[in-house]
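Below is the file work.txt, which contains compact mmCIF, C-alpha atoms.
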# COMPACT_ATOMS: atom_id res chain seq x y z
CA MET U 1 -9.62 -34.05 -20.43
CA VAL U 2 -8.17 -34.14 -16.93
CA SER U 3 -4.81 -35.28 -18.26
CA ARG U 4 -4.76 -32.35 -20.66
CA TYR U 5 -5.21 -29.87 -17.82
CA SER U 6 -2.64 -31.75 -15.77
CA ILE U 7 -0.10 -31.38 -18.55
CA VAL U 8 -0.76 -27.64 -18.75
CA ILE U 9 -0.35 -27.26 -14.99
CA ILE U 10 2.87 -29.29 -14.99
CA VAL U 11 4.31 -27.21 -17.84
CA LEU U 12 3.43 -23.96 -16.07
CA LEU U 13 4.99 -25.15 -12.84
CA CYS U 14 8.16 -26.24 -14.60
CA VAL U 15 8.72 -23.01 -16.52
CA GLY U 16 7.62 -20.75 -13.67
CA CYS U 17 9.96 -21.74 -10.85
CA SER U 18 12.77 -19.42 -9.78
CA VAL U 19 14.79 -18.84 -6.62
CA ASN U 20 13.31 -16.43 -4.05
CA PRO U 21 15.94 -13.78 -3.14
CA VAL U 22 14.87 -13.88 0.52
CA THR U 23 14.32 -17.56 1.31
CA GLY U 24 16.61 -19.16 -1.27
CA GLU U 25 13.77 -21.55 -2.08
CA ARG U 26 12.07 -21.97 -5.44
CA ASP U 27 8.92 -19.92 -6.07
CA PHE U 28 6.28 -20.03 -8.78
CA VAL U 29 7.02 -16.89 -10.82
CA LEU U 30 6.03 -16.32 -14.45
CA MET U 31 8.09 -13.20 -15.15
CA SER U 32 11.72 -12.18 -15.31
CA GLU U 33 13.16 -9.35 -13.26
CA GLN U 34 13.05 -7.10 -16.32
CA GLU U 35 9.36 -7.87 -16.76
CA GLU U 36 8.85 -7.12 -13.07
CA LEU U 37 10.49 -3.72 -13.54
CA ALA U 38 8.28 -3.01 -16.55
CA LEU U 39 5.17 -3.98 -14.58
CA GLY U 40 6.20 -1.64 -11.78
CA ARG U 41 6.74 1.25 -14.20
CA GLN U 42 3.32 0.67 -15.72
CA HIS U 43 1.51 0.65 -12.38
CA SER U 44 3.53 3.60 -11.06
CA GLN U 45 2.05 5.74 -13.82
CA GLN U 46 -1.42 4.71 -12.71
CA VAL U 47 -0.60 5.54 -9.10
CA MET U 48 0.52 9.04 -10.02
CA LYS U 49 -2.72 9.61 -11.93
CA ALA U 50 -4.68 8.79 -8.79
CA TYR U 51 -2.35 10.60 -6.37
CA ARG U 52 -0.05 13.61 -6.36
CA ARG U 53 3.50 13.97 -5.08
CA TYR U 54 3.70 16.03 -1.92
CA ASP U 55 5.09 19.42 -2.92
CA ASP U 56 8.20 19.56 -0.74
CA PRO U 57 11.41 18.56 -2.56
CA GLU U 58 13.50 18.52 0.63
CA LEU U 59 11.07 16.22 2.43
CA GLN U 60 10.84 14.01 -0.66
CA GLN U 61 14.63 13.71 -0.68
CA TYR U 62 14.65 12.91 3.03
CA VAL U 63 12.16 10.06 2.58
CA GLN U 64 14.27 8.77 -0.33
CA SER U 65 17.47 8.90 1.76
CA VAL U 66 15.91 6.94 4.64
CA GLY U 67 14.56 4.40 2.18
CA ASP U 68 17.96 4.10 0.50
CA ARG U 69 19.62 3.43 3.86
CA VAL U 70 17.27 0.53 4.51
CA ALA U 71 17.38 -0.74 0.92
CA ARG U 72 21.18 -1.01 1.04
CA VAL U 73 20.88 -3.86 3.56
CA SER U 74 17.97 -5.62 1.83
CA HIS U 75 17.99 -8.90 -0.09
CA ARG U 76 17.70 -7.13 -3.46
CA GLN U 77 20.31 -4.40 -3.37
CA ASN U 78 20.61 -4.46 -7.17
CA LEU U 79 17.25 -2.73 -7.67
CA ILE U 80 16.83 1.02 -8.00
CA TYR U 81 14.27 1.94 -5.34
CA ARG U 82 12.02 4.97 -5.70
CA PHE U 83 10.44 6.19 -2.47
CA THR U 84 7.67 8.75 -2.95
CA LEU U 85 5.71 10.82 -0.43
CA LEU U 86 2.11 11.18 -1.65
CA ASP U 87 -0.10 14.18 -0.94
CA SER U 88 -2.96 12.19 0.57
CA THR U 89 -4.72 12.20 3.93
CA GLN U 90 -5.04 8.40 3.80
CA VAL U 91 -3.04 6.52 6.44
CA ASN U 92 -1.26 4.22 4.03
CA ALA U 93 1.95 2.97 2.46
CA PHE U 94 2.33 0.44 -0.33
CA ALA U 95 4.82 -1.07 -2.76
CA LEU U 96 4.74 -1.96 -6.45
CA PRO U 97 6.86 -4.57 -8.24
CA GLY U 98 10.39 -3.52 -9.07
CA GLY U 99 10.99 -1.10 -6.20
CA TYR U 100 8.33 1.61 -6.37
CA ILE U 101 7.40 2.41 -2.75
CA TYR U 102 4.92 5.01 -1.56
CA ILE U 103 3.98 6.54 1.80
CA THR U 104 1.23 9.11 2.33
CA ARG U 105 1.56 12.28 4.37
CA GLY U 106 -1.48 10.97 6.24
CA LEU U 107 0.72 8.20 7.66
CA LEU U 108 3.96 10.18 7.92
CA VAL U 109 2.37 12.76 10.21
CA TYR U 110 1.66 10.07 12.83
CA LEU U 111 5.29 8.93 13.04
CA ASN U 112 7.59 10.16 15.79
CA SER U 113 11.08 9.26 14.60
CA GLU U 114 13.23 8.44 11.62
CA ALA U 115 13.40 4.86 12.89
CA GLU U 116 9.61 4.59 12.61
CA LEU U 117 9.74 5.92 9.05
CA ALA U 118 12.43 3.34 8.31
CA ALA U 119 10.16 0.66 9.80
CA VAL U 120 7.30 1.53 7.45
CA LEU U 121 9.60 1.65 4.42
CA GLY U 122 11.33 -1.55 5.56
CA HIS U 123 8.00 -3.37 5.71
CA GLU U 124 7.18 -2.26 2.16
CA LEU U 125 10.70 -3.20 1.05
CA GLY U 126 9.97 -6.68 2.37
CA HIS U 127 7.08 -6.98 -0.07
CA VAL U 128 9.43 -6.13 -2.94
CA THR U 129 12.39 -8.27 -1.90
CA ALA U 130 10.18 -11.32 -1.25
CA ARG U 131 8.40 -10.65 -4.58
CA HIS U 132 4.93 -10.86 -3.06
CA SER U 133 3.15 -8.98 -5.84
CA VAL U 134 5.06 -10.91 -8.51
CA ARG U 135 4.06 -14.23 -6.97
CA GLN U 136 0.43 -13.09 -6.73
CA HIS U 137 0.48 -11.93 -10.34
CA SER U 138 1.92 -15.27 -11.50
CA LEU U 139 -0.69 -17.28 -9.63
CA ALA U 140 -3.52 -15.14 -10.97
CA THR U 141 -2.15 -15.49 -14.52
CA THR U 142 -2.03 -19.27 -14.19
CA THR U 143 -5.61 -19.57 -12.96
CA ASN U 144 -6.77 -17.34 -15.82
CA ILE U 145 -5.04 -19.59 -18.37
CA ILE U 146 -6.49 -22.76 -16.88
CA GLY U 147 -9.93 -21.15 -16.64
CA SER U 148 -9.83 -20.17 -20.31
CA LEU U 149 -8.92 -23.74 -21.29
CA ILE U 150 -11.80 -25.12 -19.24
CA ALA U 151 -14.22 -22.63 -20.75
CA ALA U 152 -13.07 -23.41 -24.30
CA ALA U 153 -13.15 -27.17 -23.85
CA SER U 154 -16.38 -27.45 -21.86
CA GLY U 155 -18.36 -24.69 -23.51
CA VAL U 156 -19.44 -23.53 -20.07
CA GLN U 157 -19.71 -19.75 -20.15
CA GLY U 158 -18.16 -18.04 -17.17
CA ALA U 159 -15.82 -20.91 -16.31
CA GLY U 160 -12.82 -18.68 -16.84
CA GLN U 161 -14.29 -16.02 -14.60
CA LEU U 162 -15.12 -18.61 -11.95
CA THR U 163 -11.58 -19.95 -11.97
CA ASN U 164 -10.22 -16.41 -11.84
CA MET U 165 -12.31 -15.78 -8.74
CA LEU U 166 -10.95 -19.00 -7.25
CA GLY U 167 -7.41 -17.88 -8.02
CA THR U 168 -8.05 -14.49 -6.45
CA GLY U 169 -9.25 -16.24 -3.32
CA ILE U 170 -6.09 -18.34 -3.20
CA VAL U 171 -3.93 -15.26 -3.69
CA ARG U 172 -5.71 -13.36 -0.94
CA GLY U 173 -5.28 -16.36 1.29
CA TYR U 174 -1.54 -15.64 1.24
CA GLY U 175 -2.13 -12.08 2.42
CA ARG U 176 -1.58 -12.81 6.10
CA GLU U 177 1.56 -14.83 5.41
CA HIS U 178 2.99 -12.13 3.19
CA GLU U 179 2.30 -9.31 5.65
CA LEU U 180 3.91 -11.19 8.51
CA GLU U 181 6.91 -12.02 6.33
CA ALA U 182 7.22 -8.34 5.39
CA ASP U 183 7.11 -7.42 9.08
CA GLY U 184 9.91 -9.86 9.85
CA LEU U 185 12.01 -8.62 6.95
CA GLY U 186 11.36 -5.03 7.99
CA VAL U 187 12.69 -5.74 11.49
CA GLN U 188 15.75 -7.45 10.01
CA TYR U 189 16.45 -4.49 7.72
CA LEU U 190 15.98 -2.04 10.61
CA ILE U 191 18.62 -3.81 12.68
CA ASN U 192 21.07 -4.11 9.77
CA ALA U 193 20.62 -0.42 8.93
CA GLY U 194 21.36 0.60 12.52
CA TYR U 195 17.84 1.47 13.64
CA ARG U 196 15.92 0.25 16.68
CA ALA U 197 13.92 -2.90 15.96
CA SER U 198 11.38 -1.65 18.52
CA ALA U 199 10.44 1.07 16.03
CA MET U 200 8.39 -1.54 14.20
CA ARG U 201 6.45 -2.22 17.39
CA GLN U 202 5.85 1.49 17.85
CA VAL U 203 4.60 1.88 14.28
CA ILE U 204 2.19 -1.03 14.67
CA SER U 205 0.94 0.43 17.95
CA THR U 206 0.27 3.70 16.12
CA LEU U 207 -1.61 1.82 13.42
CA LYS U 208 -3.60 0.01 16.09
CA ASN U 209 -4.64 3.29 17.68
CA GLN U 210 -5.57 4.69 14.27
CA GLU U 211 -7.58 1.55 13.50
CA LEU U 212 -9.51 1.77 16.79
CA PHE U 213 -10.22 5.46 16.20
CA ASP U 214 -11.44 4.84 12.65
CA LYS U 215 -13.67 1.96 13.79
CA LYS U 216 -15.40 4.30 16.22
CA LEU U 217 -15.68 7.00 13.57
CA ALA U 218 -17.00 4.50 11.01
CA ILE U 219 -19.84 3.50 13.33
CA GLU U 220 -20.86 7.14 13.68
CA GLN U 221 -20.67 7.65 9.90
CA GLY U 222 -22.33 4.35 8.99
CA ARG U 223 -19.46 3.05 6.85
CA GLU U 224 -16.92 0.25 6.83
CA PRO U 225 -13.79 0.99 8.89
CA ARG U 226 -10.53 1.65 7.09
CA ALA U 227 -7.07 0.60 8.20
CA TYR U 228 -3.48 0.64 6.95
CA HIS U 229 -3.44 -1.30 3.69
CA GLY U 230 -7.22 -0.95 3.80
CA VAL U 231 -7.45 -2.03 0.15
CA PHE U 232 -6.25 -5.48 1.23
CA SER U 233 -9.07 -7.05 3.24
CA THR U 234 -6.81 -9.85 4.47
CA HIS U 235 -4.23 -7.57 6.09
CA PRO U 236 -3.55 -9.08 9.57
CA ASP U 237 -5.16 -7.55 12.64
CA ASN U 238 -2.71 -5.20 14.29
CA ASP U 239 -2.69 -7.12 17.57
CA THR U 240 -1.58 -10.30 15.82
CA ARG U 241 1.05 -8.43 13.83
CA LEU U 242 2.40 -6.85 17.00
CA GLN U 243 2.82 -10.22 18.71
CA GLN U 244 4.46 -11.75 15.65
CA VAL U 245 6.92 -8.89 15.23
CA LEU U 246 7.96 -8.83 18.88
CA SER U 247 8.47 -12.59 19.07
CA GLY U 248 10.39 -12.55 15.79
CA ALA U 249 12.64 -9.64 16.75
CA GLY U 250 13.68 -10.98 20.16
CA ALA U 251 14.60 -8.99 23.25
CA SER U 252 18.25 -8.51 22.31
CA SER U 253 17.48 -7.02 18.90
CA VAL U 254 14.80 -4.71 20.27
CA VAL U 255 17.35 -2.73 22.26
CA SER U 256 20.09 -2.80 19.64
CA GLY U 257 20.90 -0.07 17.15
CA THR U 258 20.71 3.70 17.36
CA THR U 259 17.90 5.48 19.12
CA GLY U 260 16.91 7.35 15.96
CA GLN U 261 17.08 11.05 15.14
CA ASP U 262 13.80 12.08 16.76
CA THR U 263 14.51 15.80 17.03
CA THR U 264 15.82 16.00 13.48
CA PHE U 265 12.88 14.01 12.18
CA LEU U 266 10.27 16.14 13.92
CA LYS U 267 12.00 19.25 12.62
CA LYS U 268 11.81 17.94 9.07
CA ILE U 269 8.07 17.22 9.22
CA GLU U 270 6.99 20.24 11.30
CA SER U 271 5.57 22.00 8.22
CA LEU U 272 3.81 18.86 6.95
CA THR U 273 0.13 19.46 6.20
CA PHE U 274 -2.19 17.63 8.57
CA GLY U 275 -5.62 16.70 7.27
CA ASP U 276 -7.18 18.49 4.31
CA SER U 277 -5.14 21.15 2.56
CA GLU U 278 -6.36 24.48 1.20
CA LYS U 279 -5.12 23.40 -2.23
CA ASP U 280 -7.62 20.52 -2.31
CA GLY U 281 -10.36 22.08 -0.20
CA ILE U 282 -11.36 21.53 3.41
CA ILE U 283 -14.18 19.46 4.92
CA ARG U 284 -15.80 20.72 8.10
CA GLY U 285 -18.82 18.68 9.17
CA ARG U 286 -21.15 18.56 6.17
CA HIS U 287 -19.57 21.61 4.56
CA PHE U 288 -16.82 21.69 1.91
CA TYR U 289 -14.77 24.85 1.45
CA HIS U 290 -12.31 25.56 -1.37
CA PRO U 291 -10.45 28.79 -0.47
CA GLU U 292 -8.38 28.98 -3.66
CA MET U 293 -11.41 28.59 -5.96
CA ASN U 294 -13.68 30.56 -3.64
CA PHE U 295 -16.70 28.26 -3.41
CA LYS U 296 -18.55 26.32 -0.74
CA LEU U 297 -20.76 23.21 -0.82
CA THR U 298 -23.15 21.96 1.83
CA PHE U 299 -24.16 18.30 1.69
CA PRO U 300 -27.19 16.66 3.30
CA SER U 301 -26.83 15.53 6.88
CA GLN U 302 -25.07 12.15 7.38
CA TRP U 303 -23.77 12.00 3.81
CA LEU U 304 -20.22 10.62 3.59
CA ILE U 305 -17.82 13.12 2.00
CA LEU U 306 -14.58 12.11 0.28
CA ASN U 307 -12.08 14.75 -0.79
CA LYS U 308 -9.74 13.83 -3.66
CA PRO U 309 -6.98 15.90 -5.32
CA ASN U 310 -9.16 16.62 -8.37
CA ALA U 311 -12.67 15.85 -7.13
CA ILE U 312 -15.09 16.00 -4.23
CA ALA U 313 -17.50 13.09 -3.82
CA ALA U 314 -20.36 12.42 -1.43
CA SER U 315 -22.66 9.44 -0.93
CA THR U 316 -25.69 8.58 1.14
CA PRO U 317 -25.12 6.50 4.31
CA ASN U 318 -26.43 3.34 2.59
CA ASN U 319 -24.55 4.09 -0.67
CA ASP U 320 -27.67 4.17 -2.86
CA ALA U 321 -26.76 7.59 -4.27
CA LEU U 322 -23.47 9.24 -5.18
CA MET U 323 -22.54 12.74 -6.30
CA GLN U 324 -19.09 13.76 -7.55
CA LEU U 325 -17.72 17.07 -8.78
CA THR U 326 -14.52 16.89 -10.80
CA LEU U 327 -12.08 19.74 -11.41
CA GLU U 328 -10.48 19.96 -14.84
CA ASP U 329 -7.92 22.30 -16.37
CA LEU U 330 -9.58 23.55 -19.57
CA ASN U 331 -7.32 25.90 -21.54
CA LYS U 332 -5.54 26.65 -18.27
CA LYS U 333 -8.80 27.71 -16.65
CA MET U 334 -10.28 25.63 -13.87
CA GLY U 335 -13.85 24.55 -14.43
CA ILE U 336 -16.29 22.45 -12.44
CA ARG U 337 -17.99 19.47 -14.04
CA ILE U 338 -20.96 17.88 -12.28
Spit out the file's structure as C-alpha cells when you get a sec.
Amino acid sequence: MVSRYSIVIIVLLCVGCSVNPVTGERDFVLMSEQEELALGRQHSQQVMKAYRRYDDPELQQYVQSVGDRVARVSHRQNLIYRFTLLDSTQVNAFALPGGYIYITRGLLVYLNSEAELAAVLGHELGHVTARHSVRQHSLATTTNIIGSLIAAASGVQGAGQLTNMLGTGIVRGYGREHELEADGLGVQYLINAGYRASAMRQVISTLKNQELFDKKLAIEQGREPRAYHGVFSTHPDNDTRLQQVLSGAGASSVVSGTTGQDTTFLKKIESLTFGDSEKDGIIRGRHFYHPEMNFKLTFPSQWLILNKPNAIAASTPNNDALMQLTLEDLNKKMGIRI
C-alpha cells in the first residue's frame, strides 16, 4: 500500500516540476501558463461579483499606468497585467494568478506618493511573478488526490478531507516565506522602475499604524483585529516585514531612484472617497443612513455593523446572531430583502 502511494507521489513530482521565473529553480507546479491565465480569469469574475470598480476612469487609468511601469521591469513581462481600483473601504490589495491585481480605495487613500502606490503594486506583482498562488494550488491539488486514494483504499471516511486539511496547513506554512519574497521582489521592481526603494518601508509603516489602530478599535468592538491581507492569517507581522525589507534593500538602494511625484499623486486622489460613500450608505455609531434610498436603520448597542456594496449586515458581539439586508435590482426598481 505504501509503495502504491509512493509511486503516485513520485509521478506527481515528476510531471509537476517547472522552472520558477524568479529564482530559476524548479518548482512543483501542476498547471501550464495558459491554465494559470484561465484560473485568473475565473477568479477575477468572482472578485467583481463581491466588489465593484471605483467609478473614476481617470484614476483607474492612473493606477494601471503605475502598475504597467513596474510590471515592465518584472520577471514575467510577457503577461498582460490588469490593475483595478476597487470601491471598498477595506485596507487591502491582492493578486490573482495570471496578472489580475487589485487595490482598494481604502488602502489608496492612506498612501502619500506614486512611489508608495508602486510599492504596493510591486509587492502584489511579486506574488504573480513568483507564482505563489499557482504553487499553493498545485500543492493543494496533490494532497487532495493522495487523500482520495487513501480514502478509497482504506475505506476510512473523511481521510480525503483530513489530508486536504493537512495540505492547507502546509500551504499556509509558506505564507510568511511568500510574503517576504514578494516584499523583496517589490523593492527590486521599485528600483528598476526608477522609484525610491524606501517607499516600501513607508508603506509598511503605514500598514503598521493601521494595524495598531485597528487592534485598539477591535478591542472596543469585541472582534478580531483586521490587517492588510487580513484573509491570510499567516501574513507576517509588520515589524518583521519592515526589518526584512530594509535589510534586503540595503542603504545604497534606499536612496536611489526618483523621489516620486508626490504633488501629482495627491492631486490625482484628492477627490477619492474616504470611508463610507453615500452610494453605499453611511455608518455613524449604531446608525446606518442611506441618503439615495432615503432610509435609516438603528442597530442594538455594541452590534458590529458591516457595510457592503449591495448589503448591510450586523452581528452581536459574540457572533451568535446575524442580520443582513440585501439590495436587489428587480425590474430596475430597488427593493429591500430581509
Check your understanding: Quick one: residues within 6 Å of Ser315 in chain U, all atoms listed in the file counted, chain neighbours fewer than 3 positions away excluded, as a ChimeraX atom specification?
Key -> /U:303-304,319,321-322
Point to revise | Length of the CA of Asp280 in chain U to CA of Leu85 in chain U vector [Å] | key: 16.6 Å
Point to revise | Point-to-point distance in Å for CA of Pro225 in chain U and CA of Phe213 in chain U | key: 9.3 Å
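Between CA of Ser133 in chain U and CA of Val91 in chain U there is a distance of 20.7 Å.
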Check your understanding: Which residues come within 10 Å of Ala182 in chain U, counting all atoms listed in the file, excluding same-chain residues fewer than 6 positions away, as a list of chain:residue names?
Key -> U:Gly122, U:His123, U:Glu124, U:Leu125, U:Gly126, U:His127, U:Val128, U:Thr129, U:Ala130, U:His132, U:Arg176, U:Gln188, U:Val245
Practice item. Name the residues in contact with Lys268 in chain U at a cut-off of 10 Å, using all atoms listed in the file, excluding same-chain residues fewer than 3 positions from it; report them as a count of residues only. Key: 10
Each residue of range 72-134 of chain U with at least one atom at most 8 Å from range 47-51 of chain U should appear once, together with its nearest atom pair and the corresponding distance in Å (one decimal); atoms considered: all atoms listed in the file; ordering: chain, then increasing residue number; output as CSV.
residue,atom,partner,partner_atom,distance
U:Leu86,CA,U:Tyr51,CA,6.5
U:Asp87,CA,U:Tyr51,CA,6.9
U:Ser88,CA,U:Tyr51,CA,7.1
Generate a file of the selected residues that holds C-alpha atoms, formatted as a short mmCIF file (atom, residue, chain, number, x, y, z; two decimals), in the coordinates of the input.
data_model
loop_
_atom_site.label_atom_id
_atom_site.label_comp_id
_atom_site.auth_asym_id
_atom_site.auth_seq_id
_atom_site.Cartn_x
_atom_site.Cartn_y
_atom_site.Cartn_z
CA LEU U 86 2.11 11.18 -1.65
CA ASP U 87 -0.10 14.18 -0.94
CA SER U 88 -2.96 12.19 0.57
#
**Study point:** Residue neighbourhood range 64-72 of chain U, 7 Å, only C-alpha atoms, exclusion window fewer than 2 positions, as a ChimeraX atom specification
**Key:** /U:60-62,74,77,82-83,118,121-122,189-190,193
